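Pasting run-v5.cif here (mmCIF, C-alpha atoms and all ligand atoms):
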```
data_target
#
loop_
_atom_site.group_PDB
_atom_site.id
_atom_site.type_symbol
_atom_site.label_atom_id
_atom_site.label_comp_id
_atom_site.auth_asym_id
_atom_site.auth_seq_id
_atom_site.Cartn_x
_atom_site.Cartn_y
_atom_site.Cartn_z
ATOM 1 C CA MET J 11 76.413 137.602 113.267
ATOM 2 C CA THR J 12 78.642 138.031 110.222
ATOM 3 C CA ARG J 13 79.192 134.840 108.237
ATOM 4 C CA ARG J 14 81.534 133.905 105.385
ATOM 5 C CA LEU J 15 79.507 132.060 102.746
ATOM 6 C CA LEU J 16 80.547 129.981 99.740
ATOM 7 C CA VAL J 17 77.873 129.174 97.151
ATOM 8 C CA THR J 18 78.373 126.973 94.095
ATOM 9 C CA GLY J 19 76.711 128.215 90.899
ATOM 10 C CA GLY J 20 76.306 131.782 92.118
ATOM 11 C CA SER J 21 76.342 133.516 88.741
ATOM 12 C CA ARG J 22 72.617 133.143 88.032
ATOM 13 C CA GLY J 23 69.257 132.152 89.423
ATOM 14 C CA ILE J 24 68.962 130.884 92.990
ATOM 15 C CA GLY J 25 72.731 130.911 93.646
ATOM 16 C CA ARG J 26 72.917 134.562 92.614
ATOM 17 C CA ALA J 27 69.997 135.416 94.922
ATOM 18 C CA VAL J 28 71.735 133.579 97.784
ATOM 19 C CA ALA J 29 74.960 135.506 97.142
ATOM 20 C CA LEU J 30 73.222 138.886 97.037
ATOM 21 C CA GLY J 31 70.955 138.062 99.992
ATOM 22 C CA ALA J 32 74.021 137.099 102.014
ATOM 23 C CA ALA J 33 75.777 140.337 101.057
ATOM 24 C CA ALA J 34 72.691 142.308 102.106
ATOM 25 C CA ARG J 35 73.028 140.657 105.546
ATOM 26 C CA GLY J 36 76.663 141.767 105.733
ATOM 27 C CA TRP J 37 78.090 138.304 105.008
ATOM 28 C CA ASP J 38 81.223 137.812 102.866
ATOM 29 C CA VAL J 39 80.534 135.825 99.703
ATOM 30 C CA ALA J 40 82.550 133.503 97.476
ATOM 31 C CA LEU J 41 80.617 132.276 94.461
ATOM 32 C CA SER J 42 81.552 129.773 91.806
ATOM 33 C CA TYR J 43 80.510 129.517 88.182
ATOM 34 C CA VAL J 44 81.453 127.272 85.308
ATOM 35 C CA SER J 45 80.867 129.184 82.065
ATOM 36 C CA ASP J 46 79.538 132.718 82.591
ATOM 37 C CA ALA J 47 82.459 134.734 83.992
ATOM 38 C CA ALA J 48 80.818 138.083 83.210
ATOM 39 C CA ALA J 49 77.623 137.235 85.111
ATOM 40 C CA ALA J 50 79.600 135.879 88.077
ATOM 41 C CA GLY J 51 81.829 138.965 88.142
ATOM 42 C CA ALA J 52 78.761 141.217 88.109
ATOM 43 C CA VAL J 53 77.302 139.388 91.147
ATOM 44 C CA ALA J 54 80.598 139.798 93.027
ATOM 45 C CA ASP J 55 80.684 143.512 92.105
ATOM 46 C CA GLN J 56 77.118 143.949 93.381
ATOM 47 C CA ALA J 57 77.986 142.158 96.627
ATOM 48 C CA ARG J 58 81.042 144.400 97.137
ATOM 49 C CA ALA J 59 78.853 147.446 96.544
ATOM 50 C CA ALA J 60 76.826 146.244 99.554
ATOM 51 C CA GLY J 61 80.014 146.578 101.624
ATOM 52 C CA VAL J 62 81.203 142.966 101.987
ATOM 53 C CA ARG J 63 84.169 141.029 100.641
ATOM 54 C CA ALA J 64 83.279 139.023 97.529
ATOM 55 C CA GLN J 65 85.027 136.698 95.087
ATOM 56 C CA ALA J 66 83.854 135.030 91.863
ATOM 57 C CA ILE J 67 85.838 131.885 91.129
ATOM 58 C CA ARG J 68 85.583 129.539 88.138
ATOM 59 C CA ALA J 69 85.195 126.009 89.496
ATOM 60 C CA ASP J 70 83.447 123.059 87.853
ATOM 61 C CA ALA J 71 81.610 121.347 90.712
ATOM 62 C CA THR J 72 82.375 117.939 89.205
ATOM 63 C CA GLU J 73 86.163 118.481 89.188
ATOM 64 C CA GLU J 74 88.034 117.693 92.380
ATOM 65 C CA ALA J 75 90.958 120.040 91.632
ATOM 66 C CA ASP J 76 88.551 122.916 90.893
ATOM 67 C CA THR J 77 86.614 122.260 94.102
ATOM 68 C CA LEU J 78 89.749 122.197 96.253
ATOM 69 C CA ALA J 79 90.975 125.412 94.609
ATOM 70 C CA LEU J 80 87.568 127.048 95.193
ATOM 71 C CA PHE J 81 87.653 126.316 98.919
ATOM 72 C CA ASP J 82 91.344 127.319 99.139
ATOM 73 C CA ALA J 83 90.625 130.676 97.474
ATOM 74 C CA ALA J 84 87.623 131.421 99.697
ATOM 75 C CA GLU J 85 89.526 130.490 102.858
ATOM 76 C CA ALA J 86 92.542 132.549 101.797
ATOM 77 C CA GLY J 87 90.363 135.555 100.969
ATOM 78 C CA PHE J 88 88.213 135.519 104.108
ATOM 79 C CA GLY J 89 90.347 133.680 106.662
ATOM 80 C CA GLY J 90 87.836 130.805 106.740
ATOM 81 C CA ILE J 91 84.320 129.796 105.659
ATOM 82 C CA ASP J 92 81.249 129.354 107.896
ATOM 83 C CA VAL J 93 78.519 128.439 105.402
ATOM 84 C CA VAL J 94 78.532 126.345 102.233
ATOM 85 C CA VAL J 95 75.498 126.393 99.938
ATOM 86 C CA VAL J 96 75.558 123.426 97.557
ATOM 87 C CA ASN J 97 73.552 124.887 94.700
ATOM 88 C CA ALA J 98 75.105 124.144 91.276
ATOM 89 C CA GLY J 99 72.765 121.921 89.302
ATOM 90 C CA ILE J 100 71.235 121.206 85.898
ATOM 91 C CA ILE J 101 68.194 119.757 84.218
ATOM 92 C CA ALA J 102 68.100 118.441 80.637
ATOM 93 C CA THR J 103 65.641 117.929 77.785
ATOM 94 C CA ALA J 104 62.338 116.575 79.056
ATOM 95 C CA MET J 105 61.748 112.935 78.020
ATOM 96 C CA PRO J 106 60.722 109.598 79.512
ATOM 97 C CA LEU J 107 63.490 107.425 80.973
ATOM 98 C CA ALA J 108 63.046 104.910 78.146
ATOM 99 C CA GLU J 109 64.420 107.528 75.709
ATOM 100 C CA MET J 110 67.449 108.663 77.754
ATOM 101 C CA ASP J 111 70.969 107.673 76.725
ATOM 102 C CA LEU J 112 73.665 106.810 79.247
ATOM 103 C CA ALA J 113 75.686 109.987 78.622
ATOM 104 C CA ARG J 114 72.734 112.150 79.661
ATOM 105 C CA ILE J 115 72.049 110.097 82.807
ATOM 106 C CA GLU J 116 75.725 110.113 83.790
ATOM 107 C CA ARG J 117 76.019 113.895 83.314
ATOM 108 C CA MET J 118 72.892 114.485 85.407
ATOM 109 C CA ILE J 119 74.141 112.346 88.295
ATOM 110 C CA ARG J 120 77.701 113.666 88.011
ATOM 111 C CA ILE J 121 76.757 117.347 88.314
ATOM 112 C CA ASN J 122 73.773 117.130 90.662
ATOM 113 C CA LEU J 123 74.822 114.308 92.982
ATOM 114 C CA THR J 124 78.554 113.563 92.650
ATOM 115 C CA GLY J 125 79.210 117.320 92.515
ATOM 116 C CA ALA J 126 77.108 117.833 95.650
ATOM 117 C CA LEU J 127 78.951 115.019 97.461
ATOM 118 C CA LEU J 128 82.329 116.475 96.502
ATOM 119 C CA THR J 129 81.440 120.012 97.606
ATOM 120 C CA ALA J 130 79.916 118.675 100.823
ATOM 121 C CA ARG J 131 83.000 116.560 101.529
ATOM 122 C CA GLU J 132 85.205 119.641 101.375
ATOM 123 C CA ALA J 133 82.755 121.508 103.593
ATOM 124 C CA ALA J 134 82.816 118.607 106.087
ATOM 125 C CA ARG J 135 86.600 118.738 106.142
ATOM 126 C CA ARG J 136 86.902 122.484 106.567
ATOM 127 C CA LEU J 137 83.904 124.033 108.346
ATOM 128 C CA PRO J 138 84.393 125.020 111.972
ATOM 129 C CA GLU J 139 81.986 124.384 114.857
ATOM 130 C CA GLY J 140 78.962 126.621 114.284
ATOM 131 C CA GLY J 141 79.189 126.138 110.524
ATOM 132 C CA ALA J 142 76.315 125.154 108.241
ATOM 133 C CA ILE J 143 75.793 123.386 104.921
ATOM 134 C CA VAL J 144 72.613 123.973 102.900
ATOM 135 C CA PHE J 145 71.739 121.825 99.880
ATOM 136 C CA LEU J 146 69.499 122.812 96.979
ATOM 137 C CA SER J 147 67.331 119.775 96.420
ATOM 138 C CA SER J 148 64.037 119.971 94.507
ATOM 139 C CA ALA J 149 60.342 119.165 94.856
ATOM 140 C CA ALA J 150 61.223 116.650 92.112
ATOM 141 C CA ALA J 151 62.751 114.476 94.850
ATOM 142 C CA ARG J 152 59.180 114.030 96.155
ATOM 143 C CA ASN J 153 57.141 113.997 92.933
ATOM 144 C CA GLY J 154 59.616 112.093 90.731
ATOM 145 C CA SER J 155 59.211 114.266 87.576
ATOM 146 C CA PRO J 156 57.581 111.511 85.478
ATOM 147 C CA GLY J 157 57.845 111.916 81.711
ATOM 148 C CA GLU J 158 60.295 114.791 82.087
ATOM 149 C CA PHE J 159 63.398 113.967 84.092
ATOM 150 C CA VAL J 160 63.239 111.063 86.506
ATOM 151 C CA ASP J 161 67.067 111.122 86.385
ATOM 152 C CA TYR J 162 66.995 114.653 87.802
ATOM 153 C CA ALA J 163 64.463 113.615 90.458
ATOM 154 C CA ALA J 164 66.666 110.653 91.418
ATOM 155 C CA SER J 165 69.725 112.917 91.706
ATOM 156 C CA LYS J 166 67.795 115.190 94.076
ATOM 157 C CA GLY J 167 66.501 112.207 96.054
ATOM 158 C CA GLY J 168 70.168 111.417 96.589
ATOM 159 C CA VAL J 169 70.769 114.965 97.785
ATOM 160 C CA ASP J 170 67.963 114.528 100.349
ATOM 161 C CA SER J 171 69.562 111.323 101.681
ATOM 162 C CA LEU J 172 72.887 113.140 101.838
ATOM 163 C CA THR J 173 71.291 115.953 103.845
ATOM 164 C CA ILE J 174 69.837 113.504 106.372
ATOM 165 C CA GLY J 175 72.986 111.418 106.732
ATOM 166 C CA LEU J 176 75.467 114.255 106.843
ATOM 167 C CA GLY J 177 73.267 116.093 109.329
ATOM 168 C CA LYS J 178 73.690 113.189 111.745
ATOM 169 C CA GLU J 179 77.372 112.742 110.902
ATOM 170 C CA LEU J 180 78.304 116.371 111.581
ATOM 171 C CA ALA J 181 75.947 117.108 114.492
ATOM 172 C CA PRO J 182 78.511 116.056 117.156
ATOM 173 C CA ARG J 183 80.930 118.609 115.671
ATOM 174 C CA GLY J 184 78.367 121.408 115.956
ATOM 175 C CA ILE J 185 77.956 121.742 112.181
ATOM 176 C CA ARG J 186 74.369 121.887 110.919
ATOM 177 C CA VAL J 187 73.154 120.494 107.585
ATOM 178 C CA ALA J 188 69.841 121.300 105.909
ATOM 179 C CA GLY J 189 68.149 121.211 102.539
ATOM 180 C CA VAL J 190 65.654 123.284 100.601
ATOM 181 C CA ARG J 191 63.284 121.774 98.032
ATOM 182 C CA PRO J 192 62.234 124.543 95.645
ATOM 183 C CA GLY J 193 59.200 123.990 93.444
ATOM 184 C CA LEU J 194 58.675 125.889 90.201
ATOM 185 C CA ILE J 195 61.057 128.862 90.390
ATOM 186 C CA GLU J 196 61.484 131.488 87.677
ATOM 187 C CA THR J 197 65.133 131.061 86.527
ATOM 188 C CA ASP J 198 67.111 130.218 83.360
ATOM 189 C CA ILE J 199 67.225 126.515 84.239
ATOM 190 C CA HIS J 200 63.873 125.729 82.600
ATOM 191 C CA ALA J 201 65.104 126.692 79.120
ATOM 192 C CA SER J 202 67.240 123.542 78.983
ATOM 193 C CA SER J 203 64.087 121.383 79.309
ATOM 194 C CA GLY J 204 63.378 122.168 75.637
ATOM 195 C CA ASP J 205 60.176 124.060 76.524
ATOM 196 C CA PRO J 206 60.862 127.808 76.781
ATOM 197 C CA ALA J 207 57.373 128.288 78.271
ATOM 198 C CA ARG J 208 57.815 125.512 80.882
ATOM 199 C CA VAL J 209 57.201 127.781 83.885
ATOM 200 C CA ALA J 210 54.000 129.258 82.438
ATOM 201 C CA ASN J 211 52.788 125.832 81.296
ATOM 202 C CA ARG J 212 53.306 124.257 84.729
ATOM 203 C CA MET J 213 51.966 127.053 86.910
ATOM 204 C CA GLY J 214 48.459 125.570 86.973
ATOM 205 C CA GLY J 215 49.746 122.703 89.088
ATOM 206 C CA VAL J 216 50.950 124.997 91.869
ATOM 207 C CA PRO J 217 48.348 125.484 94.635
ATOM 208 C CA MET J 218 49.484 129.088 95.178
ATOM 209 C CA GLY J 219 48.886 129.686 91.458
ATOM 210 C CA ARG J 220 52.256 131.199 90.613
ATOM 211 C CA ALA J 221 55.937 130.412 90.224
ATOM 212 C CA GLY J 222 58.308 131.346 93.021
ATOM 213 C CA THR J 223 61.237 133.730 92.776
ATOM 214 C CA ALA J 224 64.909 132.983 93.330
ATOM 215 C CA GLU J 225 64.817 135.504 96.184
ATOM 216 C CA GLU J 226 62.045 133.576 97.973
ATOM 217 C CA VAL J 227 64.199 130.445 97.865
ATOM 218 C CA ALA J 228 67.287 132.381 98.979
ATOM 219 C CA GLU J 229 65.449 133.653 102.078
ATOM 220 C CA ALA J 230 64.871 130.057 103.223
ATOM 221 C CA VAL J 231 68.463 129.064 102.434
ATOM 222 C CA LEU J 232 69.888 132.018 104.346
ATOM 223 C CA TRP J 233 67.670 131.431 107.371
ATOM 224 C CA LEU J 234 68.783 127.785 107.507
ATOM 225 C CA ALA J 235 72.399 128.988 107.224
ATOM 226 C CA SER J 236 71.981 131.544 110.004
ATOM 227 C CA ALA J 237 72.420 131.233 113.757
ATOM 228 C CA GLN J 238 68.621 131.701 114.039
ATOM 229 C CA ALA J 239 68.231 128.080 112.837
ATOM 230 C CA SER J 240 70.487 126.821 115.627
ATOM 231 C CA TYR J 241 68.455 123.652 116.445
ATOM 232 C CA VAL J 242 67.674 122.691 112.834
ATOM 233 C CA THR J 243 69.730 119.905 111.290
ATOM 234 C CA GLY J 244 69.042 117.068 108.858
ATOM 235 C CA ALA J 245 65.834 118.915 107.906
ATOM 236 C CA ILE J 246 64.548 119.641 104.405
ATOM 237 C CA LEU J 247 62.251 122.614 103.835
ATOM 238 C CA ASP J 248 59.763 122.760 100.928
ATOM 239 C CA VAL J 249 59.648 126.164 99.231
ATOM 240 C CA ALA J 250 57.171 125.179 96.579
ATOM 241 C CA GLY J 251 53.937 127.168 96.904
ATOM 242 C CA GLY J 252 52.104 124.126 98.272
ATOM 243 C CA ARG J 253 53.128 121.852 95.372
HETATM 244 P P1 LIG J 301 70.312 128.200 86.849
HETATM 245 O O1 LIG J 301 69.620 129.496 86.821
HETATM 246 O O2 LIG J 301 70.380 127.365 85.599
HETATM 247 O O3 LIG J 301 71.810 128.447 87.395
HETATM 248 C C1 LIG J 301 72.670 127.352 87.502
HETATM 249 C C2 LIG J 301 73.968 127.804 88.167
HETATM 250 O O4 LIG J 301 74.797 126.647 88.346
HETATM 251 C C3 LIG J 301 74.756 128.772 87.323
HETATM 252 O O5 LIG J 301 75.418 129.663 88.194
HETATM 253 C C4 LIG J 301 75.774 127.869 86.606
HETATM 254 O O6 LIG J 301 76.978 128.554 86.260
HETATM 255 C C5 LIG J 301 76.043 126.858 87.712
HETATM 256 N N1 LIG J 301 76.549 125.570 87.248
HETATM 257 C C6 LIG J 301 76.006 124.709 86.361
HETATM 258 N N2 LIG J 301 76.788 123.627 86.216
HETATM 259 C C7 LIG J 301 77.848 123.804 87.047
HETATM 260 C C8 LIG J 301 79.008 123.050 87.350
HETATM 261 N N3 LIG J 301 79.271 121.868 86.767
HETATM 262 N N4 LIG J 301 79.895 123.550 88.248
HETATM 263 C C9 LIG J 301 79.671 124.757 88.852
HETATM 264 N N5 LIG J 301 78.595 125.505 88.595
HETATM 265 C C10 LIG J 301 77.698 125.039 87.702
HETATM 266 O O7 LIG J 301 69.687 127.229 87.977
HETATM 267 P P2 LIG J 301 68.690 127.544 89.208
HETATM 268 O O8 LIG J 301 67.307 127.448 88.703
HETATM 269 O O9 LIG J 301 69.127 128.775 89.915
HETATM 270 O O10 LIG J 301 68.929 126.244 90.104
HETATM 271 C C11 LIG J 301 69.837 126.240 91.200
HETATM 272 C C12 LIG J 301 69.629 124.963 91.992
HETATM 273 O O11 LIG J 301 68.264 124.898 92.441
HETATM 274 C C13 LIG J 301 69.876 123.687 91.188
HETATM 275 O O12 LIG J 301 70.495 122.723 92.000
HETATM 276 C C14 LIG J 301 68.462 123.244 90.804
HETATM 277 O O13 LIG J 301 68.389 121.855 90.592
HETATM 278 C C15 LIG J 301 67.681 123.680 92.028
HETATM 279 N N6 LIG J 301 66.254 123.862 91.751
HETATM 280 C C16 LIG J 301 65.811 124.801 90.883
HETATM 281 C C17 LIG J 301 64.450 124.914 90.635
HETATM 282 C C18 LIG J 301 63.863 125.919 89.679
HETATM 283 O O14 LIG J 301 62.656 125.837 89.383
HETATM 284 N N7 LIG J 301 64.628 126.884 89.174
HETATM 285 C C19 LIG J 301 63.551 124.050 91.262
HETATM 286 C C20 LIG J 301 64.042 123.096 92.144
HETATM 287 C C21 LIG J 301 65.395 123.012 92.379
HETATM 288 P P3 LIG J 301 77.185 129.326 84.832
HETATM 289 O O15 LIG J 301 76.354 130.584 84.888
HETATM 290 O O16 LIG J 301 78.630 129.631 84.753
HETATM 291 O O17 LIG J 301 76.700 128.388 83.770
#
```
Starting from the coordinates I provided, produce the structure as structure tokens.
Ligand code: NAP
Amino acid sequence: MTRRLLVTGGSRGIGRAVALGAAARGWDVALSYVSDAAAAGAVADQARAAGVRAQAIRADATEEADTLALFDAAEAGFGGIDVVVVNAGIIATAMPLAEMDLARIERMIRINLTGALLTAREAARRLPEGGAIVFLSSAAARNGSPGEFVDYAASKGGVDSLTIGLGKELAPRGIRVAGVRPGLIETDIHASSGDPARVANRMGGVPMGRAGTAEEVAEAVLWLASAQASYVTGAILDVAGGR
């Protein structure tokens, strides 16, 4: 069944893989970005080349006006939205909590948790029966990321609670909600930890012995978003190579 999907942070990494995986399934795609217009435009072009409608829209996930405009544009372009993937997120320089300043903690929570709540609120207001919301959480929500980013882990723990609660809240309306907890995935995000070799350095702790790809995460996201997952709600799927 054709779906109309909106993904936040679709210019790179996992969001890009979700956008292109959706297009490959014949789904229309609206993707947001915050800074890299060229990368976002290239993803939309690639999706269109697959034969679907696609839009790249600048929208800071922490700004209410941007978020409303993002949903308005997607709805106007496609005549509605069926799936929202809440993906935009950041990490920051690895350090123990004792060394973090308030500005860093507030930015982490604002983008990863407040931004997710805001995007999800709009989805809750606008999705029709049969719609689905999928959150990008993290294995950090389970392991806590000690010594690196417990603020990030806490933001993703919040996303997990949101997934569970919103799943119950929207179930009577026939809207499903699910989450995916990726483990160590090869994307640009790790560079902002301050360790350019973070993925290689951490691979030893993954039972499967390798990092995952953005496409492997996108497959799980798109299955949860699809009609094939019709009895799955409030669930959170680990895509973490056993970690
Ligand atoms: P990434 O490669 O760094 O891409 C981040 C995306 O989010 C980009 O499209 C970026 O847009 C966008 N973005 C950042 N801040 C934004 C904001 N305020 N408003 C709107 N968009 C914003 O990240 P990723 O690795 O694909 O991660 C995607 C999600 O998966 C995140 O929620 C992350 O926490 C989660 N995750 C990732 C991993 C991993 O190992 N990679 C593991 C667990 C969970 P621009 O290009 O315009 O900057």
Mind running chain J against ligand LIG 301 (chain J) at 6 Å and telling me each contacting residue's nearest atom pair with the distance in Å (one decimal), counting all atoms listed in the file, chain and number ascending, as a tab-separated table?
```
residue	atom	partner	partner_atom	distance
J:Thr18	CA	J:LIG301	N5	5.7
J:Gly19	CA	J:LIG301	O5	3.3
J:Gly20	CA	J:LIG301	O5	4.5
J:Ser21	CA	J:LIG301	O5	4.0
J:Arg22	CA	J:LIG301	O5	4.5
J:Gly23	CA	J:LIG301	O9	3.4
J:Ile24	CA	J:LIG301	O9	3.7
J:Gly25	CA	J:LIG301	O9	5.6
J:Tyr43	CA	J:LIG301	O16	3.9
J:Val44	CA	J:LIG301	O16	3.7
J:Ser45	CA	J:LIG301	O16	3.5
J:Asp46	CA	J:LIG301	O16	3.9
J:Ala69	CA	J:LIG301	C9	5.7
J:Asp70	CA	J:LIG301	N4	3.6
J:Ala71	CA	J:LIG301	N4	3.7
J:Thr72	CA	J:LIG301	N3	5.6
J:Asn97	CA	J:LIG301	O12	4.6
J:Ala98	CA	J:LIG301	O4	3.9
J:Gly99	CA	J:LIG301	O12	3.6
J:Ile100	CA	J:LIG301	O13	5.5
J:Ile121	CA	J:LIG301	N3	5.4
J:Leu146	CA	J:LIG301	O12	5.1
J:Ser147	CA	J:LIG301	C21	5.5
J:Ser148	CA	J:LIG301	C20	3.9
J:Pro192	CA	J:LIG301	C20	4.2
J:Gly193	CA	J:LIG301	C19	4.9
J:Leu194	CA	J:LIG301	O14	4.1
J:Ile195	CA	J:LIG301	O14	3.6
J:Glu196	CA	J:LIG301	N7	5.8
J:Thr197	CA	J:LIG301	O8	4.7
J:Asp198	CA	J:LIG301	O1	4.3
J:Ile199	CA	J:LIG301	O2	3.5
```
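Closest approach to Ala60 of chain J from the set J:Ala29, J:Ala207, J:Ala133, J:Leu232 is made by J:Ala29, with distances taken over only C-alpha atoms.
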List the spatial neighbours of Pro138 of chain J as a PyMOL selection string - criterion: any atom at most 9 Å away, only C-alpha atoms, same-chain residues fewer than 3 positions off excluded.
chain J and resi 90-92+134-135+141-142+183-185
Deliver the residues from the most recent selection as a file, using C-alpha atoms, as a compact mmCIF listing (two decimals), in the frame of the given file.
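Saved file out.txt follows:
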```
# COMPACT_ATOMS: atom_id res chain seq x y z
CA GLY J 90 87.84 130.80 106.74
CA ILE J 91 84.32 129.80 105.66
CA ASP J 92 81.25 129.35 107.90
CA ALA J 134 82.82 118.61 106.09
CA ARG J 135 86.60 118.74 106.14
CA GLY J 141 79.19 126.14 110.52
CA ALA J 142 76.32 125.15 108.24
CA ARG J 183 80.93 118.61 115.67
CA GLY J 184 78.37 121.41 115.96
CA ILE J 185 77.96 121.74 112.18
```
Which polymer residues have any atom within 12 Å of an atom of Gly140 of chain J, counting all atoms listed in the file, with same-chain residues fewer than 6 positions away left out, as a ChimeraX atom specification?
/J:11,13-14,91-93,180-187,235-241,243
To test your reading of the syntax: which residues would the PyMOL selection byres (((chain J and resi 78-89) around 9) and not hetatm) return for the file shown? Reply as number ranges by chain.
J: 14-16, 38-42, 63-65, 67-69, 73-77, 90-91, 129, 132-133, 136
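For Pro106 of chain J, the set of protein, DNA and RNA residues having any atom at most 10 Å away, when counting all atoms listed in the file and skipping those fewer than 5 positions along the same chain, is Ser155, Pro156, Gly157, Glu158, Phe159, Val160 and Asp161 of chain J.
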I need the residues from that last selection saved to file as a tab-separated table (two decimals), keeping the file's coordinate frame (with C-alpha atoms), if you can.
```tsv
chain	number	residue	atom	x	y	z
J	155	SER	CA	59.21	114.27	87.58
J	156	PRO	CA	57.58	111.51	85.48
J	157	GLY	CA	57.84	111.92	81.71
J	158	GLU	CA	60.30	114.79	82.09
J	159	PHE	CA	63.40	113.97	84.09
J	160	VAL	CA	63.24	111.06	86.51
J	161	ASP	CA	67.07	111.12	86.38
```
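Closest to Ala66 of chain J among J:Ile119, J:Ala130, J:Val17, J:Ala221 is J:Val17, based on only C-alpha atoms.
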Reconstruct N, CA and C atoms of segment 112-129 of chain J from the incomplete input and present them as a compact mmCIF listing (two decimals), keeping the file's coordinate frame.
```txt
# COMPACT_ATOMS: atom_id res chain seq x y z
N LEU J 112 72.84 106.90 78.04
CA LEU J 112 73.67 106.81 79.25
C LEU J 112 74.43 108.11 79.51
N ALA J 113 74.89 108.76 78.45
CA ALA J 113 75.69 109.99 78.62
C ALA J 113 74.87 111.05 79.37
N ARG J 114 73.59 111.15 79.01
CA ARG J 114 72.73 112.15 79.66
C ARG J 114 72.53 111.81 81.15
N ILE J 115 72.27 110.52 81.41
CA ILE J 115 72.05 110.10 82.81
C ILE J 115 73.32 110.33 83.63
N GLU J 116 74.46 109.96 83.06
CA GLU J 116 75.72 110.11 83.79
C GLU J 116 76.04 111.58 84.07
N ARG J 117 75.76 112.45 83.12
CA ARG J 117 76.02 113.90 83.31
C ARG J 117 75.12 114.45 84.43
N MET J 118 73.85 114.02 84.40
CA MET J 118 72.89 114.48 85.41
C MET J 118 73.37 114.10 86.82
N ILE J 119 73.73 112.83 86.97
CA ILE J 119 74.14 112.35 88.30
C ILE J 119 75.48 112.97 88.69
N ARG J 120 76.36 113.13 87.71
CA ARG J 120 77.70 113.67 88.01
C ARG J 120 77.63 115.11 88.53
N ILE J 121 76.83 115.94 87.87
CA ILE J 121 76.76 117.35 88.31
C ILE J 121 75.91 117.47 89.58
N ASN J 122 74.72 116.87 89.56
CA ASN J 122 73.77 117.13 90.66
C ASN J 122 74.06 116.33 91.93
N LEU J 123 74.62 115.13 91.78
CA LEU J 123 74.82 114.31 92.98
C LEU J 123 76.30 114.14 93.33
N THR J 124 77.12 113.69 92.36
CA THR J 124 78.55 113.56 92.65
C THR J 124 79.14 114.94 92.99
N GLY J 125 78.73 115.96 92.24
CA GLY J 125 79.21 117.32 92.52
C GLY J 125 78.81 117.77 93.91
N ALA J 126 77.57 117.45 94.31
CA ALA J 126 77.11 117.83 95.65
C ALA J 126 77.91 117.09 96.72
N LEU J 127 78.17 115.80 96.49
CA LEU J 127 78.95 115.02 97.46
C LEU J 127 80.37 115.59 97.61
N LEU J 128 80.96 115.96 96.48
CA LEU J 128 82.33 116.48 96.50
C LEU J 128 82.40 117.82 97.24
N THR J 129 81.47 118.71 96.93
CA THR J 129 81.44 120.01 97.61
C THR J 129 81.18 119.81 99.10
```
